[in-house]
$ cat model.txt   # compact mmCIF, C-alpha atoms
# COMPACT_ATOMS: atom_id res chain seq x y z
CA MET A 1 -22.56 -9.50 -21.54
CA THR A 2 -24.83 -7.27 -23.65
CA ASN A 3 -26.16 -5.51 -20.57
CA ASN A 4 -22.63 -4.81 -19.32
CA LYS A 5 -21.68 -3.31 -22.66
CA ASN A 6 -24.76 -1.10 -22.61
CA ASN A 7 -23.99 0.04 -19.07
CA ILE A 8 -20.47 0.98 -20.10
CA ALA A 9 -21.71 2.82 -23.19
CA ASN A 10 -24.16 4.85 -21.11
CA GLN A 11 -21.63 5.92 -18.48
CA SER A 12 -20.41 9.48 -18.43
CA PRO A 13 -16.77 10.25 -19.30
CA THR A 14 -16.20 10.83 -15.59
CA ASP A 15 -17.45 7.37 -14.69
CA MET A 16 -15.42 5.82 -17.48
CA SER A 17 -12.25 7.48 -16.23
CA ARG A 18 -12.85 6.49 -12.62
CA ARG A 19 -13.46 2.87 -13.50
CA SER A 20 -10.99 2.34 -16.35
CA PHE A 21 -8.60 0.26 -14.26
CA LEU A 22 -11.46 -1.96 -13.10
CA ARG A 23 -12.75 -2.55 -16.61
CA SER A 24 -9.36 -3.80 -17.75
CA LEU A 25 -9.49 -6.40 -14.99
CA GLY A 26 -12.79 -7.70 -16.28
CA ILE A 27 -14.85 -6.51 -13.34
CA MET A 28 -17.35 -4.80 -15.62
CA ALA A 29 -17.79 -8.19 -17.26
CA GLY A 30 -18.26 -9.83 -13.87
CA SER A 31 -14.83 -11.29 -13.17
CA ALA A 32 -15.54 -13.61 -10.26
CA ALA A 33 -11.86 -14.55 -9.95
CA VAL A 34 -10.75 -10.97 -9.39
CA LEU A 35 -13.58 -10.14 -7.00
CA SER A 36 -12.90 -13.32 -5.06
CA SER A 37 -9.26 -12.36 -4.49
CA ALA A 38 -9.93 -8.62 -4.05
CA PRO A 39 -13.44 -8.36 -2.53
CA TRP A 40 -12.98 -4.67 -1.64
CA LEU A 41 -13.42 -3.88 -5.34
CA SER A 42 -17.08 -4.89 -5.16
CA SER A 43 -17.86 -1.41 -3.82
CA CYS A 44 -16.43 0.06 -7.04
CA SER A 45 -18.87 -1.52 -9.47
CA GLY A 46 -20.22 0.58 -12.31
CA ALA A 47 -23.74 0.47 -10.93
CA LYS A 48 -22.64 1.72 -7.52
CA VAL A 49 -20.59 4.51 -9.04
CA ALA A 50 -23.48 5.52 -11.27
CA ALA A 51 -25.69 5.72 -8.17
CA THR A 52 -23.57 8.59 -6.84
CA GLY A 53 -24.81 10.73 -9.72
CA ASP A 54 -23.36 14.23 -9.71
CA ARG A 55 -22.86 14.33 -5.95
CA ARG A 56 -19.47 15.29 -4.57
CA ALA A 57 -17.70 14.22 -1.41
CA ARG A 58 -16.78 17.24 0.71
CA ILE A 59 -13.26 16.56 1.92
CA GLY A 60 -11.12 18.02 4.67
CA LEU A 61 -7.40 17.27 4.56
CA ILE A 62 -5.37 17.14 7.78
CA GLY A 63 -1.64 17.32 7.12
CA THR A 64 -0.57 19.39 4.13
CA GLY A 65 3.07 18.32 3.67
CA SER A 66 4.47 16.70 0.55
CA ARG A 67 2.31 13.57 0.71
CA GLY A 68 -0.75 15.63 1.62
CA GLN A 69 -0.18 17.85 -1.39
CA TYR A 70 0.27 14.74 -3.54
CA HIS A 71 -3.26 13.72 -2.52
CA LEU A 72 -4.56 17.24 -3.14
CA HIS A 73 -3.33 17.21 -6.72
CA ASN A 74 -5.04 13.85 -7.24
CA LEU A 75 -8.25 15.16 -5.68
CA LYS A 76 -8.15 18.15 -8.00
CA ALA A 77 -8.63 15.76 -10.92
CA MET A 78 -11.61 13.97 -9.31
CA PRO A 79 -14.96 15.52 -10.22
CA HIS A 80 -16.69 13.58 -7.44
CA ALA A 81 -14.55 15.27 -4.76
CA GLU A 82 -14.49 18.81 -3.39
CA VAL A 83 -11.80 19.89 -0.95
CA VAL A 84 -13.52 22.27 1.45
CA ALA A 85 -11.08 22.39 4.38
CA LEU A 86 -7.34 22.20 5.06
CA CYS A 87 -5.49 21.84 8.35
CA ASP A 88 -1.86 21.93 9.44
CA ILE A 89 0.12 23.24 12.40
CA TYR A 90 3.00 24.18 10.07
CA GLU A 91 2.06 27.41 8.29
CA PRO A 92 4.35 27.11 5.22
CA HIS A 93 2.76 23.80 4.25
CA LEU A 94 -0.75 25.08 4.90
CA LYS A 95 -0.08 28.08 2.69
CA GLU A 96 1.17 25.87 -0.15
CA ALA A 97 -1.90 23.65 0.11
CA HIS A 98 -4.21 26.66 0.11
CA GLU A 99 -2.70 27.73 -3.20
CA ILE A 100 -3.92 24.43 -4.66
CA PHE A 101 -7.44 24.87 -3.23
CA PRO A 102 -7.84 28.62 -2.57
CA ASP A 103 -11.55 28.32 -1.72
CA ALA A 104 -10.97 25.81 1.09
CA LYS A 105 -11.24 26.94 4.71
CA THR A 106 -8.01 26.67 6.69
CA TYR A 107 -7.47 25.44 10.24
CA THR A 108 -4.50 24.98 12.55
CA ASP A 109 -6.39 22.70 14.98
CA TYR A 110 -7.77 19.48 13.51
CA ARG A 111 -10.53 19.40 16.12
CA ALA A 112 -11.96 22.60 14.68
CA LEU A 113 -12.00 21.01 11.23
CA LEU A 114 -13.81 17.98 12.66
CA ASP A 115 -16.48 20.36 14.02
CA ASP A 116 -17.06 21.72 10.51
CA LYS A 117 -20.49 20.52 9.35
CA ASP A 118 -19.51 21.07 5.72
CA VAL A 119 -16.96 18.23 5.87
CA ASP A 120 -18.14 14.71 4.98
CA GLY A 121 -14.81 12.93 5.13
CA VAL A 122 -11.27 13.63 6.26
CA ILE A 123 -7.92 12.56 4.87
CA ILE A 124 -5.22 12.18 7.52
CA VAL A 125 -1.67 12.68 6.30
CA THR A 126 0.16 13.44 9.52
CA PRO A 127 3.10 11.81 11.33
CA LEU A 128 2.37 8.22 12.34
CA GLY A 129 2.22 9.05 16.04
CA SER A 130 -0.97 11.06 15.47
CA HIS A 131 -2.76 8.66 13.09
CA ALA A 132 -4.72 6.79 15.75
CA PRO A 133 -5.72 9.79 17.93
CA ILE A 134 -6.99 11.80 14.95
CA THR A 135 -8.75 8.77 13.44
CA LEU A 136 -10.54 8.03 16.71
CA ASP A 137 -11.59 11.68 17.11
CA ALA A 138 -12.79 11.84 13.50
CA LEU A 139 -14.90 8.70 13.85
CA ASP A 140 -16.36 10.08 17.07
CA ALA A 141 -17.21 13.27 15.17
CA GLY A 142 -19.15 11.23 12.63
CA LYS A 143 -16.71 11.74 9.77
CA HIS A 144 -15.66 9.21 7.19
CA VAL A 145 -11.90 8.71 7.35
CA PHE A 146 -9.07 8.02 4.92
CA CYS A 147 -5.74 7.68 6.74
CA GLU A 148 -2.25 7.17 5.45
CA LYS A 149 -0.50 3.97 6.46
CA ALA A 150 0.34 2.64 8.95
CA MET A 151 -2.73 2.35 11.17
CA ALA A 152 -1.03 3.36 14.42
CA LEU A 153 2.24 3.72 16.29
CA THR A 154 1.46 1.10 18.95
CA LEU A 155 -0.26 -2.26 19.15
CA ASP A 156 -2.78 -0.99 21.67
CA GLN A 157 -3.69 1.92 19.41
CA CYS A 158 -4.28 -0.51 16.54
CA ARG A 159 -6.70 -2.45 18.69
CA GLN A 160 -8.48 0.74 19.78
CA VAL A 161 -8.99 1.85 16.19
CA TYR A 162 -10.17 -1.57 15.07
CA ASP A 163 -12.64 -1.84 17.96
CA LYS A 164 -13.95 1.67 17.28
CA TYR A 165 -14.45 0.83 13.62
CA THR A 166 -16.36 -2.36 14.36
CA ASN A 167 -18.70 -0.44 16.65
CA CYS A 168 -19.57 2.46 14.36
CA ASP A 169 -21.05 2.94 10.89
CA ASN A 170 -18.46 5.26 9.41
CA VAL A 171 -16.33 4.49 6.38
CA LEU A 172 -12.64 3.96 7.12
CA PHE A 173 -9.88 3.53 4.54
CA TYR A 174 -6.12 3.18 4.87
CA CYS A 175 -3.84 4.02 1.97
CA MET A 176 -2.77 0.47 1.23
CA GLN A 177 -2.50 1.34 -2.45
CA ARG A 178 -1.26 -2.06 -3.63
CA MET A 179 -4.79 -3.31 -2.95
CA TYR A 180 -5.94 -0.99 -5.78
CA ASP A 181 -2.91 -1.42 -8.07
CA GLU A 182 -3.95 -3.24 -11.23
CA LYS A 183 -0.87 -5.44 -11.56
CA TYR A 184 -1.16 -6.54 -7.92
CA ILE A 185 -4.88 -7.23 -8.24
CA LYS A 186 -4.51 -9.36 -11.34
CA GLY A 187 -1.26 -10.95 -10.13
CA VAL A 188 -2.80 -12.11 -6.86
CA ALA A 189 -5.81 -13.48 -8.74
CA MET A 190 -3.42 -15.46 -10.97
CA ILE A 191 -1.63 -16.83 -7.90
CA LYS A 192 -4.88 -17.90 -6.31
CA ASP A 193 -5.87 -19.51 -9.60
CA GLY A 194 -2.78 -21.73 -9.36
CA LEU A 195 -0.46 -20.20 -11.96
CA ILE A 196 2.70 -20.60 -9.84
CA GLY A 197 1.51 -23.65 -7.91
CA ASP A 198 1.47 -23.88 -4.14
CA VAL A 199 2.98 -20.81 -2.47
CA VAL A 200 6.06 -22.04 -0.58
CA GLY A 201 7.53 -18.74 0.61
CA MET A 202 7.72 -14.97 0.20
CA ARG A 203 10.67 -12.60 -0.14
CA CYS A 204 10.19 -8.85 0.02
CA HIS A 205 12.76 -6.09 0.10
CA TRP A 206 12.90 -2.31 -0.27
CA PHE A 207 16.24 -0.58 -0.72
CA ARG A 208 16.93 3.12 -1.05
CA ASN A 209 20.04 5.28 -0.78
CA ALA A 210 19.00 8.45 1.01
CA ASP A 211 19.09 9.64 4.59
CA TRP A 212 15.30 10.16 4.91
CA ARG A 213 16.07 13.59 6.32
CA ARG A 214 14.17 16.74 5.30
CA GLU A 215 15.64 20.23 5.34
CA CYS A 216 14.76 21.89 8.65
CA PRO A 217 14.54 25.71 8.82
CA SER A 218 15.29 25.88 12.56
CA PRO A 219 16.40 23.41 15.30
CA GLU A 220 13.15 23.60 17.26
CA LEU A 221 11.31 22.17 14.24
CA GLU A 222 13.60 19.14 13.87
CA ARG A 223 11.24 16.56 15.37
CA LEU A 224 8.26 18.04 13.56
CA ILE A 225 9.88 18.07 10.12
CA ASN A 226 11.95 14.89 10.53
CA TRP A 227 9.37 12.91 12.49
CA ARG A 228 10.22 9.68 10.60
CA LEU A 229 13.58 9.51 12.42
CA TYR A 230 12.28 9.42 16.00
CA ARG A 231 10.51 6.64 17.88
CA ALA A 232 7.94 8.92 19.51
CA THR A 233 6.40 9.55 16.10
CA SER A 234 7.67 6.79 13.78
CA GLY A 235 7.99 3.04 13.44
CA GLY A 236 10.83 3.48 10.97
CA LEU A 237 11.31 1.32 7.91
CA MET A 238 8.77 -1.25 9.08
CA THR A 239 5.74 1.04 9.28
CA GLU A 240 6.83 3.36 6.46
CA LEU A 241 7.78 0.70 3.90
CA ALA A 242 7.21 -2.86 5.08
CA SER A 243 3.55 -2.16 5.88
CA HIS A 244 2.75 -2.23 2.15
CA GLN A 245 4.69 -5.39 1.44
CA LEU A 246 3.55 -7.40 4.44
CA GLU A 247 -0.05 -6.60 3.50
CA VAL A 248 0.57 -8.22 0.13
CA CYS A 249 1.81 -11.40 1.84
CA SER A 250 -1.31 -11.50 4.03
CA TRP A 251 -3.48 -10.93 0.96
CA VAL A 252 -1.82 -13.74 -1.00
CA THR A 253 -1.85 -16.36 1.73
CA GLY A 254 -5.04 -15.42 3.55
CA LYS A 255 -3.13 -16.29 6.72
CA MET A 256 -1.01 -14.67 9.40
CA PRO A 257 2.45 -15.67 10.59
CA SER A 258 2.57 -17.07 14.10
CA ARG A 259 6.22 -16.27 15.00
CA ILE A 260 8.42 -13.25 14.36
CA MET A 261 12.19 -12.77 14.69
CA GLY A 262 14.55 -10.12 13.41
CA MET A 263 17.61 -7.93 13.67
CA GLY A 264 18.04 -4.22 13.01
CA ASP A 265 20.46 -1.41 13.66
CA ILE A 266 21.62 2.05 12.68
CA VAL A 267 24.40 1.01 10.33
CA TYR A 268 25.20 4.08 8.24
CA TRP A 269 23.15 7.19 9.06
CA LYS A 270 24.57 7.90 12.51
CA ASP A 271 23.13 11.40 12.72
CA GLY A 272 21.14 11.28 15.94
CA ARG A 273 18.17 9.39 14.55
CA GLU A 274 16.51 6.75 16.72
CA VAL A 275 14.95 4.38 14.18
CA TYR A 276 16.94 1.69 12.39
CA ASP A 277 18.29 2.31 8.90
CA ASN A 278 18.76 -1.42 8.29
CA VAL A 279 16.23 -4.15 9.16
CA ASN A 280 15.93 -7.90 8.58
CA VAL A 281 12.82 -9.70 9.81
CA ILE A 282 11.59 -13.28 9.37
CA TYR A 283 7.90 -14.09 9.76
CA LYS A 284 7.11 -17.79 10.16
CA TYR A 285 3.74 -19.39 9.53
CA ALA A 286 2.39 -22.36 11.47
CA ASP A 287 2.85 -24.54 8.36
CA GLY A 288 6.56 -23.67 8.14
CA ARG A 289 6.47 -21.11 5.33
CA THR A 290 8.24 -17.81 5.87
CA ILE A 291 8.28 -14.20 4.77
CA SER A 292 11.84 -12.91 4.49
CA TYR A 293 11.81 -9.12 4.79
CA GLU A 294 14.76 -6.76 4.36
CA SER A 295 15.08 -2.99 4.02
CA LEU A 296 17.91 -0.49 4.21
CA ILE A 297 18.41 3.09 3.09
CA SER A 298 22.12 3.24 2.29
CA ASN A 299 22.17 1.19 -0.94
CA LYS A 300 19.52 1.11 -3.67
CA TYR A 301 20.98 -1.49 -6.05
CA ASN A 302 18.28 -4.11 -5.45
CA GLY A 303 15.40 -1.63 -5.47
CA MET A 304 11.99 -2.90 -4.40
CA GLU A 305 10.51 -6.33 -5.01
CA ASP A 306 7.57 -8.36 -3.71
CA GLN A 307 8.34 -11.96 -4.65
CA ILE A 308 5.79 -14.70 -4.15
CA LEU A 309 7.56 -18.06 -4.51
CA GLY A 310 5.54 -20.98 -5.82
CA LYS A 311 6.40 -24.59 -6.55
CA ASP A 312 5.80 -23.92 -10.25
CA GLY A 313 6.94 -20.33 -10.57
CA THR A 314 7.63 -16.93 -9.04
CA MET A 315 5.40 -13.85 -9.14
CA ASN A 316 7.24 -10.55 -8.69
CA LEU A 317 4.28 -8.28 -8.10
CA ALA A 318 6.33 -5.08 -7.75
CA THR A 319 7.87 -5.44 -11.20
CA GLY A 320 4.70 -6.83 -12.78
CA LEU A 321 6.42 -9.99 -14.02
CA TYR A 322 6.18 -13.70 -13.35
CA TYR A 323 8.55 -16.57 -14.13
CA LEU A 324 7.73 -20.26 -14.51
CA GLU A 325 9.91 -23.12 -13.31
CA ASN A 326 9.30 -25.30 -16.36
CA ASP A 327 8.74 -22.77 -19.11
CA THR A 328 8.19 -24.02 -22.65
CA SER A 329 7.83 -20.56 -24.18
CA ARG A 330 10.67 -19.21 -26.29
CA SER A 331 11.24 -15.48 -26.09
CA GLY A 332 13.89 -13.73 -28.17
CA ILE A 333 16.27 -13.92 -25.23
CA LYS A 334 15.54 -17.63 -24.82
CA GLN A 335 16.35 -18.23 -28.45
CA LEU A 336 19.61 -16.30 -28.08
CA LEU A 337 20.62 -18.36 -25.08
CA SER A 338 19.80 -21.63 -26.78
CA SER A 339 22.11 -20.74 -29.65
CA VAL A 340 25.14 -20.28 -27.39
CA LYS A 341 26.95 -22.89 -25.33
CA GLU A 342 25.73 -22.84 -21.74
CA SER A 343 29.20 -22.37 -20.31
CA VAL A 344 29.84 -19.05 -22.07
CA PHE A 345 27.87 -16.74 -19.78
CA ASP A 346 28.23 -15.98 -16.09
CA VAL A 347 25.40 -13.48 -16.28
CA ILE A 348 22.64 -12.73 -18.71
CA PRO A 349 23.82 -10.17 -21.31
CA ALA A 350 20.44 -8.40 -21.36
CA ALA A 351 17.96 -6.94 -18.91
CA GLY A 352 14.94 -8.92 -17.89
CA PRO A 353 15.47 -12.61 -17.14
CA SER A 354 16.89 -14.05 -13.93
CA TRP A 355 19.93 -16.30 -14.20
CA ARG A 356 19.97 -19.85 -12.90
CA PRO A 357 23.64 -20.77 -12.54
CA GLU A 358 22.88 -24.33 -11.48
CA THR A 359 21.29 -25.03 -14.86
CA ALA A 360 22.92 -22.27 -16.93
CA ASP A 361 19.47 -21.27 -18.11
CA ALA A 362 17.27 -18.21 -17.86
CA TYR A 363 13.82 -17.65 -16.52
CA VAL A 364 11.62 -16.04 -19.16
CA PRO A 365 9.77 -12.97 -17.86
CA HIS A 366 6.03 -12.85 -18.52
CA PRO A 367 4.06 -9.62 -17.90
CA ILE A 368 1.14 -9.83 -15.52
CA LEU A 369 -0.82 -7.31 -17.59
CA ASP A 370 -1.33 -7.02 -21.31
CA GLY A 371 -0.23 -3.68 -22.71
CA PRO A 372 1.40 -0.77 -20.85
CA MET A 373 2.17 -1.32 -17.18
CA HIS A 374 3.18 1.21 -14.54
CA VAL A 375 6.04 0.02 -12.33
CA ASN A 376 7.12 1.81 -9.17
CA HIS A 377 10.79 1.28 -8.34
CA GLY A 378 10.29 2.49 -4.77
CA GLN A 379 12.64 5.46 -4.77
CA SER A 380 10.13 8.29 -4.35
CA THR A 381 9.41 9.34 -0.76
CA ILE A 382 6.27 11.25 -1.79
CA GLY A 383 4.37 9.09 -4.25
CA VAL A 384 4.16 8.13 -7.90
CA SER A 385 1.39 8.13 -10.47
CA LEU A 386 -0.82 5.12 -11.09
CA ASP A 387 0.42 3.01 -8.17
CA GLY A 388 -3.10 2.56 -6.82
CA SER A 389 -3.06 5.71 -4.66
CA GLU A 390 -5.42 7.60 -6.97
CA ALA A 391 -7.74 4.62 -7.26
CA ILE A 392 -8.08 4.00 -3.52
CA LEU A 393 -8.57 7.73 -2.86
CA SER A 394 -11.26 7.84 -5.54
CA ALA A 395 -12.93 4.82 -3.94
CA PHE A 396 -12.92 6.64 -0.60
CA CYS A 397 -14.61 9.67 -2.15
CA ASP A 398 -17.27 7.37 -3.61
CA ALA A 399 -17.73 5.83 -0.15
CA CYS A 400 -18.19 9.25 1.43
CA ILE A 401 -21.18 9.67 -0.89
CA THR A 402 -22.65 6.17 -0.63
CA GLY A 403 -21.65 5.32 2.95
CA GLU A 404 -20.58 1.85 1.79
CA ARG A 405 -17.53 0.35 3.42
CA ALA A 406 -14.85 -1.36 1.34
CA LYS A 407 -14.63 -4.97 2.45
CA ASN A 408 -11.44 -6.02 4.27
CA VAL A 409 -9.48 -2.77 3.76
CA VAL A 410 -9.37 -1.98 7.49
CA GLU A 411 -8.66 -5.59 8.41
CA GLU A 412 -5.75 -5.79 5.98
CA ALA A 413 -4.33 -2.50 7.27
CA TYR A 414 -4.67 -3.73 10.85
CA ALA A 415 -2.93 -7.02 10.05
CA SER A 416 0.00 -5.42 8.24
CA THR A 417 0.51 -2.74 10.89
CA VAL A 418 0.50 -5.28 13.72
CA LEU A 419 3.06 -7.38 11.83
CA CYS A 420 5.27 -4.30 11.38
CA LEU A 421 5.09 -3.38 15.06
CA LEU A 422 5.80 -6.97 16.13
CA GLY A 423 8.79 -6.94 13.79
CA ASN A 424 10.09 -3.82 15.52
CA LEU A 425 9.51 -5.43 18.89
CA ALA A 426 11.38 -8.58 17.90
CA MET A 427 14.37 -6.52 16.73
CA GLU A 428 14.40 -4.35 19.85
CA GLN A 429 14.17 -7.32 22.23
CA GLY A 430 16.42 -9.63 20.23
CA THR A 431 13.96 -12.45 20.75
CA THR A 432 11.49 -14.58 18.82
CA ILE A 433 7.93 -13.39 19.44
CA ASP A 434 4.77 -15.46 19.26
CA PHE A 435 1.82 -13.55 17.85
CA PRO A 436 0.00 -12.19 20.95
CA ASP A 437 -3.55 -13.44 21.45
CA GLU A 438 -4.79 -9.99 22.52
CA TYR A 439 -4.11 -8.56 19.05
CA LYS A 440 -5.80 -11.33 17.07
CA ILE A 441 -9.04 -10.42 15.33
CA PRO A 442 -11.67 -12.70 13.71
CA TYR A 443 -10.39 -11.84 10.22
CA MET A 444 -7.05 -13.50 10.93
CA HIS A 445 -6.28 -17.14 10.23
CA PHE A 446 -3.06 -18.74 11.49
$ encode --input "model.txt" --output "structure tokens"
Amino acid sequence: MTNNKNNIANQSPTDMSRRSFLRSLGIMAGSAAVLSSAPWLSSCSGAKVAATGDRRARIGLIGTGSRGQYHLHNLKAMPHAEVVALCDIYEPHLKEAHEIFPDAKTYTDYRALLDDKDVDGVIIVTPLGSHAPITLDALDAGKHVFCEKAMALTLDQCRQVYDKYTNCDNVLFYCMQRMYDEKYIKGVAMIKDGLIGDVVGMRCHWFRNADWRRECPSPELERLINWRLYRATSGGLMTELASHQLEVCSWVTGKMPSRIMGMGDIVYWKDGREVYDNVNVIYKYADGRTISYESLISNKYNGMEDQILGKDGTMNLATGLYYLENDTSRSGIKQLLSSVKESVFDVIPAAGPSWRPETADAYVPHPILDGPMHVNHGQSTIGVSLDGSEAILSAFCDACITGERAKNVVEEAYASTVLCLLGNLAMEQGTTIDFPDEYKIPYMHF
């Protein structure tokens, strides 16, 4: 313990800032429980960060739209990163990005950027349909790669990327930011430590009320600007939203569902789009457990939640709270309820607890983290602060310097993307699908 304290004291302010979220999880003190449930964090240890010294990762960004610019602003605050190149086929976005990094070279062809010897790693923030082709070209060019989710538009592309990765030495990250979100990291560790008992099911949903449409300056740019609405470039709600939540389920269980069924349709936004605006998918494991997934973009009342259901409690990772089935604690709300006859209330007259009508009692919310906690309600289509996006991007920049891969990040991204694409396939075919053998990888357990 003394050595760890000395190491922390000797770190520069930069190192302290970059590792602050890890310290709070106890990793600097050697938290075996956290590292066991999130092994990718082992590449972020203080000693490994210190080994990078004053070196900087030279970054090229491909795709300078709103999400790309979100990453650029985060990179601007990272002293171990230097953005040296920018690329986009849409000039207005490229111009805006160049204003953020005026010294960066600009390109309109990503292949020219990949030929740039001054670029160590690339960040791909393009429409989903181009994720796999650009990733494969970048790995072939010897670049380290950070790509937005999902991994690819098709199952075959996922397999191609995974096979390429396993046969090269490059670093590859996908922006599965929940894997670097402090409340998720600690919450999953608590689940695996038995806090909520045996996991008996999972319920995830993501609701918004917006058409997903961006303003388009001219008709010929419609499919470029609004790529999320068309099947040639998008997997819809599954790849854009569910990919994050299904990854969490894989992370928690350490297993993959064996059967997939679902229904989807265009219910409200009948504006020429091709992808569903309403999806319901059930993923069934071999042991009988299920993931119930639902998303729609014409009602936001229920927001976003990632519920892990245990025999002894429920962990809502998205909200950073857990609830126990047999809770002996007495919060202020609990005391209020106990002082009133059970039959008085139909709903809880305060925010926070969940109502149990069958017992006329309330679940007491317990925070996963001590102190302030950042909660993302899922309404931003660009990104929010402190949701893990900065942390995983920082880890990628470290990896560009050290060449060390983050354990399981690619495998988790592969698993979640394949589940999303199989969900789409089940909805389109109106059938129950067994997980295809040709897309199984050694990391998966069924």
$ atom_distance --input "model.txt" --atom1 "CA of Ser66 in chain A" --atom2 "CA of Leu94 in chain A"
10.8 Å
$ residues_around --input "model.txt" --residues "Ile191 in chain A" --least-positions-apart "3" --cutoff "10 Å" --atoms "all atoms listed in the file" --output "PDB file with C-alpha atoms, in the frame of the given file"
ATOM      1  CA  SER A  37      -9.260 -12.360  -4.490  1.00  0.00           C
ATOM      2  CA  LYS A 186      -4.510  -9.360 -11.340  1.00  0.00           C
ATOM      3  CA  GLY A 187      -1.260 -10.950 -10.130  1.00  0.00           C
ATOM      4  CA  VAL A 188      -2.800 -12.110  -6.860  1.00  0.00           C
ATOM      5  CA  GLY A 194      -2.780 -21.730  -9.360  1.00  0.00           C
ATOM      6  CA  LEU A 195      -0.460 -20.200 -11.960  1.00  0.00           C
ATOM      7  CA  ILE A 196       2.700 -20.600  -9.840  1.00  0.00           C
ATOM      8  CA  GLY A 197       1.510 -23.650  -7.910  1.00  0.00           C
ATOM      9  CA  ASP A 198       1.470 -23.880  -4.140  1.00  0.00           C
ATOM     10  CA  VAL A 199       2.980 -20.810  -2.470  1.00  0.00           C
ATOM     11  CA  VAL A 252      -1.820 -13.740  -1.000  1.00  0.00           C
ATOM     12  CA  THR A 253      -1.850 -16.360   1.730  1.00  0.00           C
ATOM     13  CA  ILE A 308       5.790 -14.700  -4.150  1.00  0.00           C
ATOM     14  CA  LEU A 309       7.560 -18.060  -4.510  1.00  0.00           C
ATOM     15  CA  GLY A 310       5.540 -20.980  -5.820  1.00  0.00           C
ATOM     16  CA  GLY A 313       6.940 -20.330 -10.570  1.00  0.00           C
ATOM     17  CA  THR A 314       7.630 -16.930  -9.040  1.00  0.00           C
ATOM     18  CA  MET A 315       5.400 -13.850  -9.140  1.00  0.00           C
TER      19      MET A 315
END
$ atom_distance --input "model.txt" --atom1 "CA of Leu317 in chain A" --atom2 "CA of Thr432 in chain A"
28.6 Å
$ atom_distance --input "model.txt" --atom1 "CA of Asn226 in chain A" --atom2 "CA of Thr135 in chain A"
21.8 Å
$ residues_around --input "model.txt" --residues "range 269-272 of chain A" --least-positions-apart "5" --cutoff "8 Å" --atoms "all atoms listed in the file" --output "compact mmCIF listing (two decimals) with C-alpha atoms, in the coordinates of the input"
# COMPACT_ATOMS: atom_id res chain seq x y z
CA ASP A 211 19.09 9.64 4.59
CA ASP A 277 18.29 2.31 8.90
CA SER A 298 22.12 3.24 2.29
$ residues_around --input "model.txt" --residues "Lys183 in chain A" --least-positions-apart "3" --cutoff "9 Å" --atoms "only C-alpha atoms" --output "PDB file with C-alpha atoms, keeping the file's coordinate frame"
ATOM      1  CA  ARG A 178      -1.260  -2.060  -3.630  1.00  0.00           C
ATOM      2  CA  TYR A 180      -5.940  -0.990  -5.780  1.00  0.00           C
ATOM      3  CA  LYS A 186      -4.510  -9.360 -11.340  1.00  0.00           C
ATOM      4  CA  GLY A 187      -1.260 -10.950 -10.130  1.00  0.00           C
ATOM      5  CA  VAL A 188      -2.800 -12.110  -6.860  1.00  0.00           C
ATOM      6  CA  LEU A 317       4.280  -8.280  -8.100  1.00  0.00           C
ATOM      7  CA  ALA A 318       6.330  -5.080  -7.750  1.00  0.00           C
ATOM      8  CA  THR A 319       7.870  -5.440 -11.200  1.00  0.00           C
ATOM      9  CA  GLY A 320       4.700  -6.830 -12.780  1.00  0.00           C
ATOM     10  CA  LEU A 321       6.420  -9.990 -14.020  1.00  0.00           C
ATOM     11  CA  ILE A 368       1.140  -9.830 -15.520  1.00  0.00           C
ATOM     12  CA  LEU A 369      -0.820  -7.310 -17.590  1.00  0.00           C
ATOM     13  CA  MET A 373       2.170  -1.320 -17.180  1.00  0.00           C
ATOM     14  CA  HIS A 374       3.180   1.210 -14.540  1.00  0.00           C
ATOM     15  CA  VAL A 375       6.040   0.020 -12.330  1.00  0.00           C
TER      16      VAL A 375
END
$ decode --input "model.txt" --residues "range 378-385 of chain A" --atoms "N, CA and C atoms" --output "compact mmCIF listing (two decimals), in the first residue's frame"
# COMPACT_ATOMS: atom_id res chain seq x y z
N GLY A 378 -29.60 9.39 -21.95
CA GLY A 378 -29.75 8.79 -23.27
C GLY A 378 -30.42 9.65 -24.31
N GLN A 379 -30.56 10.95 -24.07
CA GLN A 379 -31.28 11.78 -25.03
C GLN A 379 -30.38 12.48 -26.04
N SER A 380 -29.09 12.61 -25.73
CA SER A 380 -28.17 13.26 -26.66
C SER A 380 -27.81 12.31 -27.81
N THR A 381 -27.82 12.84 -29.03
CA THR A 381 -27.43 12.03 -30.19
C THR A 381 -25.96 12.25 -30.55
N ILE A 382 -25.26 13.06 -29.77
CA ILE A 382 -23.86 13.37 -30.06
C ILE A 382 -22.94 12.75 -29.02
N GLY A 383 -23.25 12.97 -27.76
CA GLY A 383 -22.41 12.46 -26.68
C GLY A 383 -22.52 13.35 -25.47
N VAL A 384 -22.19 12.81 -24.31
CA VAL A 384 -22.23 13.56 -23.07
C VAL A 384 -20.89 13.43 -22.38
N SER A 385 -20.67 14.29 -21.39
CA SER A 385 -19.41 14.25 -20.66
C SER A 385 -19.40 13.12 -19.63
